[in-house]
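Reproduced below: entry.json, with JSON, C-alpha atoms and all ligand atoms.
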[["chain", "number", "residue", "atom", "x", "y", "z"],
["A", 1, "MET", "CA", -108.90, -65.88, -29.31],
["A", 2, "LYS", "CA", -107.25, -65.12, -32.65],
["A", 3, "VAL", "CA", -105.02, -67.92, -33.94],
["A", 4, "LEU", "CA", -102.02, -65.59, -34.14],
["A", 5, "ASP", "CA", -102.44, -64.57, -30.48],
["A", 6, "ALA", "CA", -102.32, -68.15, -29.18],
["A", 7, "GLU", "CA", -99.16, -69.19, -27.32],
["A", 8, "PHE", "CA", -98.85, -72.49, -29.21],
["A", 9, "VAL", "CA", -98.91, -70.62, -32.52],
["A", 10, "LYS", "CA", -96.31, -68.12, -31.30],
["A", 11, "GLY", "CA", -94.10, -71.03, -30.22],
["A", 12, "PHE", "CA", -94.49, -72.64, -33.66],
["A", 13, "MET", "CA", -93.55, -69.39, -35.41],
["A", 14, "ARG", "CA", -90.55, -68.77, -33.17],
["A", 15, "MET", "CA", -89.25, -72.27, -33.81],
["A", 16, "ALA", "CA", -89.61, -71.87, -37.57],
["A", 17, "ASP", "CA", -87.79, -68.55, -37.41],
["A", 18, "ASP", "CA", -85.03, -70.03, -35.24],
["A", 19, "GLY", "CA", -84.53, -72.75, -37.87],
["A", 20, "TRP", "CA", -84.38, -70.15, -40.63],
["A", 21, "ARG", "CA", -81.74, -68.18, -38.69],
["A", 22, "GLN", "CA", -79.67, -71.35, -38.28],
["A", 23, "GLY", "CA", -79.51, -71.62, -42.09],
["A", 24, "TRP", "CA", -81.40, -74.91, -42.16],
["A", 25, "HIS", "CA", -84.20, -73.73, -44.47],
["A", 26, "GLU", "CA", -82.98, -72.54, -47.85],
["A", 27, "ARG", "CA", -85.86, -71.61, -50.15],
["A", 28, "ASN", "CA", -88.83, -73.87, -49.23],
["A", 29, "GLY", "CA", -86.64, -76.46, -47.50],
["A", 30, "GLY", "CA", -87.93, -78.17, -44.38],
["A", 31, "ASN", "CA", -91.32, -78.46, -42.69],
["A", 32, "LEU", "CA", -92.79, -78.37, -39.20],
["A", 33, "SER", "CA", -95.89, -79.82, -37.59],
["A", 34, "TYR", "CA", -97.46, -79.67, -34.13],
["A", 35, "ARG", "CA", -100.29, -81.87, -32.78],
["A", 36, "ILE", "CA", -102.56, -79.32, -31.15],
["A", 37, "LYS", "CA", -103.99, -79.99, -27.67],
["A", 38, "PRO", "CA", -107.83, -80.15, -27.48],
["A", 39, "GLU", "CA", -108.01, -77.07, -25.22],
["A", 40, "GLU", "CA", -105.78, -75.16, -27.64],
["A", 41, "VAL", "CA", -108.12, -76.05, -30.52],
["A", 42, "GLU", "CA", -111.07, -74.76, -28.47],
["A", 43, "SER", "CA", -109.23, -71.54, -27.63],
["A", 44, "VAL", "CA", -109.06, -70.57, -31.34],
["A", 45, "ARG", "CA", -112.30, -72.26, -32.49],
["A", 46, "GLU", "CA", -113.88, -68.90, -33.47],
["A", 47, "GLU", "CA", -111.38, -68.55, -36.34],
["A", 48, "LEU", "CA", -111.58, -72.11, -37.71],
["A", 49, "ILE", "CA", -113.43, -72.40, -41.02],
["A", 50, "PRO", "CA", -113.22, -75.94, -42.44],
["A", 51, "GLY", "CA", -112.50, -76.35, -46.16],
["A", 52, "GLU", "CA", -112.90, -79.44, -48.30],
["A", 53, "TRP", "CA", -111.68, -82.91, -47.28],
["A", 54, "LYS", "CA", -108.58, -84.06, -49.20],
["A", 55, "PRO", "CA", -106.63, -87.35, -49.05],
["A", 56, "ILE", "CA", -103.56, -87.42, -46.78],
["A", 57, "GLY", "CA", -101.80, -90.05, -48.93],
["A", 58, "ALA", "CA", -101.36, -92.30, -45.89],
["A", 59, "SER", "CA", -103.60, -93.85, -43.28],
["A", 60, "VAL", "CA", -103.17, -92.70, -39.67],
["A", 61, "PRO", "CA", -106.22, -94.05, -37.78],
["A", 62, "LYS", "CA", -104.72, -93.35, -34.34],
["A", 63, "LEU", "CA", -104.73, -89.63, -35.22],
["A", 64, "ALA", "CA", -108.41, -89.55, -36.24],
["A", 65, "GLY", "CA", -110.02, -86.21, -35.35],
["A", 66, "GLU", "CA", -106.74, -84.56, -34.29],
["A", 67, "TYR", "CA", -105.79, -81.01, -35.31],
["A", 68, "PHE", "CA", -102.30, -80.01, -36.46],
["A", 69, "LEU", "CA", -100.38, -76.84, -37.18],
["A", 70, "VAL", "CA", -98.35, -77.48, -40.36],
["A", 71, "THR", "CA", -96.16, -75.44, -42.66],
["A", 72, "GLY", "CA", -97.38, -75.16, -46.25],
["A", 73, "SER", "CA", -96.00, -76.94, -49.29],
["A", 74, "GLY", "CA", -93.66, -74.65, -51.23],
["A", 75, "LYS", "CA", -93.75, -72.04, -48.44],
["A", 76, "TYR", "CA", -90.59, -70.52, -47.00],
["A", 77, "PHE", "CA", -89.58, -70.74, -43.30],
["A", 78, "ARG", "CA", -88.16, -67.25, -43.91],
["A", 79, "ASN", "CA", -91.75, -66.00, -44.23],
["A", 80, "VAL", "CA", -93.39, -67.75, -41.29],
["A", 81, "THR", "CA", -93.12, -64.71, -39.00],
["A", 82, "ILE", "CA", -93.51, -62.20, -41.87],
["A", 83, "LYS", "CA", -96.69, -63.58, -43.49],
["A", 84, "PRO", "CA", -97.96, -66.29, -41.16],
["A", 85, "GLU", "CA", -101.46, -66.62, -42.69],
["A", 86, "ASP", "CA", -99.86, -67.44, -46.05],
["A", 87, "SER", "CA", -97.12, -69.76, -44.75],
["A", 88, "PHE", "CA", -98.79, -72.35, -42.53],
["A", 89, "CYS", "CA", -102.18, -73.78, -41.66],
["A", 90, "ILE", "CA", -104.30, -75.59, -39.13],
["A", 91, "ILE", "CA", -105.66, -78.90, -40.44],
["A", 92, "GLU", "CA", -108.20, -81.30, -39.00],
["A", 93, "LEU", "CA", -108.12, -85.07, -39.72],
["A", 94, "ASP", "CA", -111.28, -87.05, -40.39],
["A", 95, "GLY", "CA", -112.64, -89.93, -38.32],
["A", 96, "MET", "CA", -110.63, -92.52, -40.27],
["A", 97, "GLY", "CA", -107.32, -90.66, -40.33],
["A", 98, "GLU", "CA", -107.29, -90.76, -44.14],
["A", 99, "ASN", "CA", -108.35, -87.24, -45.10],
["A", 100, "TYR", "CA", -107.60, -83.74, -43.88],
["A", 101, "ARG", "CA", -109.16, -80.32, -44.30],
["A", 102, "VAL", "CA", -107.58, -76.90, -43.88],
["A", 103, "CYS", "CA", -109.38, -74.88, -41.16],
["A", 104, "TRP", "CA", -107.15, -71.81, -40.98],
["A", 105, "GLY", "CA", -104.28, -70.25, -42.94],
["A", 106, "LEU", "CA", -102.81, -70.73, -46.43],
["A", 107, "VAL", "CA", -104.91, -67.68, -47.36],
["A", 108, "ASN", "CA", -103.36, -67.54, -50.83],
["A", 109, "GLY", "CA", -104.05, -71.19, -51.53],
["A", 110, "GLY", "CA", -101.77, -74.17, -51.48],
["A", 111, "ARG", "CA", -101.68, -77.26, -49.36],
["A", 112, "PRO", "CA", -99.89, -78.58, -46.27],
["A", 113, "THR", "CA", -96.26, -79.68, -46.57],
["A", 114, "SER", "CA", -95.31, -82.18, -49.27],
["A", 115, "GLU", "CA", -94.01, -84.32, -46.40],
["A", 116, "LEU", "CA", -97.44, -84.57, -44.75],
["A", 117, "PRO", "CA", -97.44, -88.41, -44.93],
["A", 118, "SER", "CA", -94.05, -88.55, -43.13],
["A", 119, "HIS", "CA", -95.14, -86.02, -40.51],
["A", 120, "LEU", "CA", -98.42, -87.75, -39.73],
["A", 121, "MET", "CA", -97.00, -91.28, -39.72],
["A", 122, "ASN", "CA", -94.25, -90.09, -37.36],
["A", 123, "HIS", "CA", -96.86, -88.40, -35.15],
["A", 124, "GLU", "CA", -98.84, -91.63, -35.02],
["A", 125, "VAL", "CA", -95.81, -93.73, -34.06],
["A", 126, "LYS", "CA", -94.66, -91.17, -31.47],
["A", 127, "LEU", "CA", -98.14, -90.77, -29.97],
["A", 128, "LEU", "CA", -98.04, -94.48, -29.10],
["A", 129, "ALA", "CA", -94.34, -94.67, -28.17],
["A", 130, "SER", "CA", -94.44, -91.63, -25.87],
["A", 131, "ASN", "CA", -97.88, -92.13, -24.34],
["A", 132, "GLY", "CA", -99.14, -89.04, -26.09],
["A", 133, "LYS", "CA", -96.32, -86.77, -24.88],
["A", 134, "HIS", "CA", -94.63, -86.07, -28.23],
["A", 135, "ARG", "CA", -96.37, -83.33, -30.21],
["A", 136, "VAL", "CA", -93.73, -81.85, -32.54],
["A", 137, "ILE", "CA", -92.23, -83.29, -35.74],
["A", 138, "TYR", "CA", -89.54, -81.18, -37.41],
["A", 139, "HIS", "CA", -87.77, -81.66, -40.73],
["A", 140, "ALA", "CA", -84.78, -79.48, -41.65],
["A", 141, "HIS", "CA", -81.79, -79.42, -44.01],
["A", 142, "PRO", "CA", -78.75, -78.79, -41.74],
["A", 143, "ALA", "CA", -75.57, -78.79, -43.82],
["A", 144, "ASN", "CA", -73.19, -80.70, -41.55],
["A", 145, "ILE", "CA", -75.37, -83.73, -40.92],
["A", 146, "ILE", "CA", -76.08, -83.89, -44.67],
["A", 147, "ALA", "CA", -72.33, -83.69, -45.41],
["A", 148, "LEU", "CA", -71.70, -86.67, -43.13],
["A", 149, "THR", "CA", -74.10, -88.82, -45.18],
["A", 150, "PHE", "CA", -71.44, -88.76, -47.93],
["A", 151, "VAL", "CA", -68.56, -90.02, -45.79],
["A", 152, "LEU", "CA", -69.97, -92.21, -43.00],
["A", 153, "PRO", "CA", -71.54, -95.63, -43.55],
["A", 154, "LEU", "CA", -75.33, -95.17, -43.69],
["A", 155, "THR", "CA", -76.00, -97.17, -40.53],
["A", 156, "ASP", "CA", -77.61, -96.26, -37.21],
["A", 157, "GLU", "CA", -74.50, -97.62, -35.45],
["A", 158, "ALA", "CA", -71.95, -95.51, -37.36],
["A", 159, "PHE", "CA", -73.93, -92.26, -37.07],
["A", 160, "THR", "CA", -74.93, -92.69, -33.44],
["A", 161, "ARG", "CA", -71.44, -93.56, -32.27],
["A", 162, "GLU", "CA", -69.71, -90.75, -34.21],
["A", 163, "LEU", "CA", -72.26, -88.16, -33.04],
["A", 164, "TRP", "CA", -72.04, -89.32, -29.43],
["A", 165, "GLU", "CA", -68.22, -89.06, -29.50],
["A", 166, "MET", "CA", -68.24, -85.45, -30.68],
["A", 167, "ALA", "CA", -69.85, -83.91, -27.59],
["A", 168, "THR", "CA", -70.33, -85.36, -24.11],
["A", 169, "GLU", "CA", -73.90, -84.04, -23.91],
["A", 170, "CYS", "CA", -74.99, -86.09, -26.96],
["A", 171, "PRO", "CA", -75.56, -89.50, -25.35],
["A", 172, "VAL", "CA", -77.54, -87.73, -22.62],
["A", 173, "VAL", "CA", -79.64, -85.72, -25.11],
["A", 174, "PHE", "CA", -80.32, -88.65, -27.47],
["A", 175, "PRO", "CA", -79.57, -91.82, -25.49],
["A", 176, "ALA", "CA", -81.58, -94.02, -27.86],
["A", 177, "GLY", "CA", -79.31, -92.98, -30.75],
["A", 178, "VAL", "CA", -80.24, -91.89, -34.27],
["A", 179, "GLY", "CA", -81.64, -93.81, -37.23],
["A", 180, "VAL", "CA", -80.52, -93.49, -40.84],
["A", 181, "VAL", "CA", -82.75, -93.72, -43.92],
["A", 182, "PRO", "CA", -80.88, -94.45, -47.18],
["A", 183, "TRP", "CA", -81.50, -92.10, -50.10],
["A", 184, "MET", "CA", -85.16, -92.30, -51.11],
["A", 185, "VAL", "CA", -87.57, -90.17, -53.12],
["A", 186, "PRO", "CA", -88.98, -87.60, -50.67],
["A", 187, "GLY", "CA", -92.64, -86.70, -50.23],
["A", 188, "GLY", "CA", -94.21, -90.12, -50.59],
["A", 189, "ARG", "CA", -95.50, -93.00, -48.53],
["A", 190, "ASP", "CA", -92.36, -95.19, -48.82],
["A", 191, "ILE", "CA", -90.01, -92.72, -47.15],
["A", 192, "ALA", "CA", -92.76, -92.04, -44.56],
["A", 193, "VAL", "CA", -92.96, -95.75, -43.72],
["A", 194, "ALA", "CA", -89.15, -96.10, -43.49],
["A", 195, "THR", "CA", -88.87, -93.02, -41.26],
["A", 196, "SER", "CA", -91.74, -93.89, -38.95],
["A", 197, "GLU", "CA", -90.33, -97.41, -38.55],
["A", 198, "LEU", "CA", -87.10, -95.85, -37.19],
["A", 199, "MET", "CA", -89.06, -93.41, -35.02],
["A", 200, "LYS", "CA", -90.36, -96.37, -33.02],
["A", 201, "GLN", "CA", -86.88, -96.53, -31.44],
["A", 202, "TYR", "CA", -85.34, -93.12, -32.04],
["A", 203, "ASP", "CA", -86.29, -89.44, -31.79],
["A", 204, "VAL", "CA", -84.03, -88.58, -34.75],
["A", 205, "ALA", "CA", -83.95, -89.94, -38.30],
["A", 206, "ILE", "CA", -81.34, -88.81, -40.81],
["A", 207, "TRP", "CA", -82.29, -88.80, -44.48],
["A", 208, "ALA", "CA", -79.18, -89.50, -46.57],
["A", 209, "HIS", "CA", -78.18, -86.59, -48.82],
["A", 210, "HIS", "CA", -81.27, -84.67, -47.74],
["A", 211, "GLY", "CA", -81.72, -83.73, -44.07],
["A", 212, "MET", "CA", -83.07, -84.75, -40.71],
["A", 213, "PHE", "CA", -86.33, -85.46, -38.88],
["A", 214, "ALA", "CA", -86.68, -84.90, -35.14],
["A", 215, "SER", "CA", -89.53, -85.60, -32.75],
["A", 216, "GLY", "CA", -90.15, -84.15, -29.31],
["A", 217, "GLU", "CA", -92.61, -83.16, -26.62],
["A", 218, "ASP", "CA", -92.52, -79.43, -27.27],
["A", 219, "PHE", "CA", -90.91, -76.79, -29.49],
["A", 220, "ASP", "CA", -87.88, -76.20, -27.24],
["A", 221, "LEU", "CA", -87.01, -79.86, -26.84],
["A", 222, "THR", "CA", -87.45, -80.68, -30.52],
["A", 223, "PHE", "CA", -85.49, -77.67, -31.75],
["A", 224, "GLY", "CA", -82.84, -78.33, -29.11],
["A", 225, "LEU", "CA", -82.53, -81.93, -30.28],
["A", 226, "MET", "CA", -82.04, -80.94, -33.93],
["A", 227, "HIS", "CA", -79.56, -78.25, -32.81],
["A", 228, "THR", "CA", -77.55, -80.69, -30.66],
["A", 229, "VAL", "CA", -77.28, -83.30, -33.43],
["A", 230, "GLU", "CA", -76.26, -80.69, -36.00],
["A", 231, "LYS", "CA", -73.70, -79.12, -33.65],
["A", 232, "SER", "CA", -72.14, -82.53, -33.09],
["A", 233, "ALA", "CA", -72.09, -83.13, -36.85],
["A", 234, "GLU", "CA", -70.35, -79.77, -37.29],
["A", 235, "ILE", "CA", -67.63, -80.77, -34.82],
["A", 236, "LEU", "CA", -67.10, -84.05, -36.68],
["A", 237, "VAL", "CA", -66.85, -82.20, -39.99],
["A", 238, "LYS", "CA", -64.21, -79.92, -38.43],
["A", 239, "VAL", "CA", -62.28, -82.85, -36.93],
["A", 240, "ARG", "CA", -62.32, -84.74, -40.23],
["A", 241, "SER", "CA", -61.24, -81.62, -42.08],
["A", 242, "MET", "CA", -58.17, -81.36, -39.84],
["A", 243, "SER", "CA", -57.24, -85.03, -39.76],
["A", 244, "PRO", "CA", -58.52, -88.37, -41.03],
["A", 245, "THR", "CA", -58.02, -89.90, -37.57],
["A", 246, "LYS", "CA", -58.72, -88.88, -33.97],
["A", 247, "LEU", "CA", -55.81, -88.79, -31.53],
["A", 248, "GLN", "CA", -58.21, -89.41, -28.63],
["A", 249, "THR", "CA", -61.95, -89.70, -28.10],
["A", 250, "ILE", "CA", -64.57, -90.91, -25.61],
["A", 251, "THR", "CA", -64.22, -94.68, -25.16],
["A", 252, "PRO", "CA", -67.01, -97.28, -24.76],
["A", 253, "ASP", "CA", -66.18, -97.67, -21.06],
["A", 254, "GLU", "CA", -66.33, -93.90, -20.58],
["A", 255, "PHE", "CA", -69.79, -93.90, -22.21],
["A", 256, "ARG", "CA", -70.85, -96.63, -19.73],
["A", 257, "ARG", "CA", -69.64, -94.49, -16.82],
["A", 258, "LEU", "CA", -71.50, -91.49, -18.20],
["A", 259, "ALA", "CA", -74.67, -93.58, -18.58],
["A", 260, "LYS", "CA", -74.46, -94.68, -14.94],
["A", 261, "ASP", "CA", -73.92, -91.18, -13.53],
["A", 262, "PHE", "CA", -76.57, -89.55, -15.73],
["A", 263, "GLY", "CA", -79.10, -92.35, -15.34],
["A", 264, "VAL", "CA", -79.51, -93.04, -19.08],
["A", 265, "ASP", "CA", -79.60, -96.35, -20.92],
["A", 266, "LEU", "CA", -77.12, -96.48, -23.78],
["A", 267, "PRO", "CA", -77.75, -99.50, -26.03],
["A", 268, "GLU", "CA", -74.67, -101.75, -26.13],
["A", 269, "LYS", "CA", -75.00, -102.05, -29.93],
["A", 270, "PHE", "CA", -73.52, -98.53, -30.14],
["A", 271, "LEU", "CA", -70.62, -99.26, -27.74],
["A", 272, "PHE", "CA", -68.73, -101.64, -30.03],
["A", 273, "GLU", "CA", -64.93, -101.86, -30.02],
["A", 274, "LYS", "CA", -63.39, -100.14, -33.05],
["A", 275, "ASP", "CA", -60.31, -101.57, -34.75],
["A", 301, "LIG", "O1", -89.39, -78.66, -49.51],
["A", 301, "LIG", "O2", -87.84, -80.20, -47.32],
["A", 301, "LIG", "O3", -88.39, -82.67, -48.10],
["A", 301, "LIG", "C1", -89.69, -79.23, -48.32],
["A", 301, "LIG", "C2", -88.77, -80.34, -48.06],
["A", 301, "LIG", "C3", -89.06, -81.63, -48.71],
["A", 302, "ZN", "ZN", -86.53, -81.83, -47.10]]

This structure in structure tokens:
Amino acid sequence: MKVLDAEFVKGFMRMADDGWRQGWHERNGGNLSYRIKPEEVESVREELIPGEWKPIGASVPKLAGEYFLVTGSGKYFRNVTIKPEDSFCIIELDGMGENYRVCWGLVNGGRPTSELPSHLMNHEVKLLASNGKHRVIYHAHPANIIALTFVLPLTDEAFTRELWEMATECPVVFPAGVGVVPWMVPGGRDIAVATSELMKQYDVAIWAHHGMFASGEDFDLTFGLMHTVEKSAEILVKVRSMSPTKLQTITPDEFRRLAKDFGVDLPEKFLFEKD
């Protein structure tokens, strides 16, 4: 089968385009990766032509030999559906998880996303934490969540609690909460380590003054997670724009009742009493 005819590739392209339409991907902002299933790799094998091995910039031994779909560095989400062969690629990792080679795509040159170390370290953490279920790592620049990193304390507790309060679905969609990474230089190993450390507990990490990372089992769940968090952030921005205080909100005991009825565990560290 041709790469562009494969369902997993169509799903990847649709998700990228959905993100573009949401306004989360100005210029070359954001990046997306998918850990390809072995049978999916086989289904497109005829089109895979391995290039040269290059260093990942991080070590991900648990991902040795895996294949990924990844957006290209400097490429625009806007163009993923318009010129797919130029905008993303399939890479293969070596037996140590230290080098990669491009096997398809990026026909006009270039390399995988500048955030490849963060993507792969998150994939490695999530592979273990989810028993292999998580396959998608998504980084975007949604405006409302970024705006909140200027006015909320940069703690997991403050962000999780405020986001949960803004929409009843939130604690059900991300019951573990969200993690917050302070401002750091993007693209390198340090921010990858900080993010993947948070991803051991959470499916969402917020990068202060930059954007968000989300992890999930498939394209729908991962996009839906990013969308839910950003929608909640938008409501908080609206509330704060109208008034510095809330007249009423969801209380800790109401969250506990919700948790019971919906069968989710909500960590008590997020259900603190506010003064
Ligand atoms: O340009 O979003 O974090 C891609 C990015 C870097
Ligand atoms: Zn970014």

So which residues fall inside 12 Å of (-77.1, -78.0, -32.5) if we count only C-alpha atoms? Mind giving them as a compact mmCIF listing (two decimals) with C-alpha atoms, in the frame of the given file?
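The result, stored in point18.txt:
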# COMPACT_ATOMS: atom_id res chain seq x y z
CA ASP A 18 -85.03 -70.03 -35.24
CA GLY A 19 -84.53 -72.75 -37.87
CA GLN A 22 -79.67 -71.35 -38.28
CA GLY A 23 -79.51 -71.62 -42.09
CA TRP A 24 -81.40 -74.91 -42.16
CA PRO A 142 -78.75 -78.79 -41.74
CA ALA A 143 -75.57 -78.79 -43.82
CA ASN A 144 -73.19 -80.70 -41.55
CA ILE A 145 -75.37 -83.73 -40.92
CA LEU A 163 -72.26 -88.16 -33.04
CA MET A 166 -68.24 -85.45 -30.68
CA ALA A 167 -69.85 -83.91 -27.59
CA GLU A 169 -73.90 -84.04 -23.91
CA CYS A 170 -74.99 -86.09 -26.96
CA VAL A 173 -79.64 -85.72 -25.11
CA LEU A 221 -87.01 -79.86 -26.84
CA THR A 222 -87.45 -80.68 -30.52
CA PHE A 223 -85.49 -77.67 -31.75
CA GLY A 224 -82.84 -78.33 -29.11
CA LEU A 225 -82.53 -81.93 -30.28
CA MET A 226 -82.04 -80.94 -33.93
CA HIS A 227 -79.56 -78.25 -32.81
CA THR A 228 -77.55 -80.69 -30.66
CA VAL A 229 -77.28 -83.30 -33.43
CA GLU A 230 -76.26 -80.69 -36.00
CA LYS A 231 -73.70 -79.12 -33.65
CA SER A 232 -72.14 -82.53 -33.09
CA ALA A 233 -72.09 -83.13 -36.85
CA GLU A 234 -70.35 -79.77 -37.29
CA ILE A 235 -67.63 -80.77 -34.82

Dump as a Markdown table the rows for residues of chain A within 7 Å of ligand ZN 302 (chain A): closest atom pair and distance in Å with one decimal, all atoms listed in the file counted, ordered by chain and rising residue number.
| residue | atom | partner | partner_atom | distance |
| --- | --- | --- | --- | --- |
| A:Gly29 | CA | A:ZN302 | ZN | 5.4 |
| A:Gly30 | CA | A:ZN302 | ZN | 4.8 |
| A:His139 | CA | A:ZN302 | ZN | 6.5 |
| A:Ala140 | CA | A:ZN302 | ZN | 6.2 |
| A:His141 | CA | A:ZN302 | ZN | 6.2 |
| A:His210 | CA | A:ZN302 | ZN | 6.0 |
| A:Gly211 | CA | A:ZN302 | ZN | 6.0 |

May I have the residues from that selection written out with C-alpha atoms, as a compact mmCIF listing (two decimals), in the frame of the given file?
# COMPACT_ATOMS: atom_id res chain seq x y z
CA GLY A 29 -86.64 -76.46 -47.50
CA GLY A 30 -87.93 -78.17 -44.38
CA HIS A 139 -87.77 -81.66 -40.73
CA ALA A 140 -84.78 -79.48 -41.65
CA HIS A 141 -81.79 -79.42 -44.01
CA HIS A 210 -81.27 -84.67 -47.74
CA GLY A 211 -81.72 -83.73 -44.07

Near-ligand residues for ligand LIG 301 (chain A), threshold 12 Å, only C-alpha atoms and all ligand atoms, as a ChimeraX atom specification
/A:24-32,70-77,112-119,138-142,183-188,191-192,206-213

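Residue nearest Val204 (chain A) within the list A:Ser87, A:Asn122, A:Gln248, A:Ser33: A:Asn122 [criterion: smallest interatomic distance, all atoms listed in the file].
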
Which is closer to Met121 (chain A) than all the others in A:Gly57, A:Pro175, A:Pro153, A:Gly263, using only C-alpha atoms?
A:Gly57

Neighbourhood query: residues within 12 Å of (-109.1, -73.7, -26.8), file coordinates, counting all atoms listed in the file; return as a PDB file with C-alpha atoms, in the frame of the given file.
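Output below, filename part-v6.pdb:
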ATOM      1  CA  MET A   1    -108.900 -65.880 -29.310  1.00  0.00           C
ATOM      2  CA  LYS A   2    -107.250 -65.120 -32.650  1.00  0.00           C
ATOM      3  CA  VAL A   3    -105.020 -67.920 -33.940  1.00  0.00           C
ATOM      4  CA  ASP A   5    -102.440 -64.570 -30.480  1.00  0.00           C
ATOM      5  CA  ALA A   6    -102.320 -68.150 -29.180  1.00  0.00           C
ATOM      6  CA  GLU A   7     -99.160 -69.190 -27.320  1.00  0.00           C
ATOM      7  CA  PHE A   8     -98.850 -72.490 -29.210  1.00  0.00           C
ATOM      8  CA  ILE A  36    -102.560 -79.320 -31.150  1.00  0.00           C
ATOM      9  CA  LYS A  37    -103.990 -79.990 -27.670  1.00  0.00           C
ATOM     10  CA  PRO A  38    -107.830 -80.150 -27.480  1.00  0.00           C
ATOM     11  CA  GLU A  39    -108.010 -77.070 -25.220  1.00  0.00           C
ATOM     12  CA  GLU A  40    -105.780 -75.160 -27.640  1.00  0.00           C
ATOM     13  CA  VAL A  41    -108.120 -76.050 -30.520  1.00  0.00           C
ATOM     14  CA  GLU A  42    -111.070 -74.760 -28.470  1.00  0.00           C
ATOM     15  CA  SER A  43    -109.230 -71.540 -27.630  1.00  0.00           C
ATOM     16  CA  VAL A  44    -109.060 -70.570 -31.340  1.00  0.00           C
ATOM     17  CA  ARG A  45    -112.300 -72.260 -32.490  1.00  0.00           C
ATOM     18  CA  GLU A  46    -113.880 -68.900 -33.470  1.00  0.00           C
ATOM     19  CA  GLU A  47    -111.380 -68.550 -36.340  1.00  0.00           C
ATOM     20  CA  LEU A  48    -111.580 -72.110 -37.710  1.00  0.00           C
ATOM     21  CA  TYR A  67    -105.790 -81.010 -35.310  1.00  0.00           C
TER      22      TYR A  67
END

Can you list, as number ranges by chain, every protein, DNA or RNA residue that comes within 12 Å of Ala158 (chain A) when you count only C-alpha atoms, leaving out same-chain residues fewer than 4 positions away?
A: 148-149, 151-154, 162-165, 177-180, 269-274

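For the choices A:Arg111, A:Ile250, A:Pro171, A:Thr155, the atom-to-atom distance to Val264 (chain A) is smallest for A:Pro171 when using only C-alpha atoms.
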
Kindly indicate which residue among A:Leu128, A:Leu69, A:Met15, A:Val237 lies nearest to Ile146 (chain A), using all atoms listed in the file for the distances.
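Of the candidates, the smallest distance to Ile146 (chain A) is held by A:Val237.
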
Rounded to one decimal place, report the CA of Ser241 (chain A)-CA of Arg161 (chain A) distance in Å.
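Computed distance, CA of Ser241 (chain A) to CA of Arg161 (chain A), equals 18.5 Å.
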
Using only C-alpha atoms, pick whichever of A:Ala129, A:Ile49, A:Val80, A:Leu63 has the shortest atom-to-atom distance to Gly97 (chain A).
A:Leu63

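Taking CA of Pro61 (chain A) as the reference point, CA of Asp94 (chain A) is found at 9.0 Å.
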
Measuring atom to atom with only C-alpha atoms, identify which of A:Arg78, A:Arg240, A:Lys62, A:Lys83 is nearest to Trp20 (chain A).
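The closest residue to Trp20 (chain A) is A:Arg78.
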
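Here CA of Tyr202 (chain A) is placed at a distance of 28.1 Å from CA of Thr245 (chain A).
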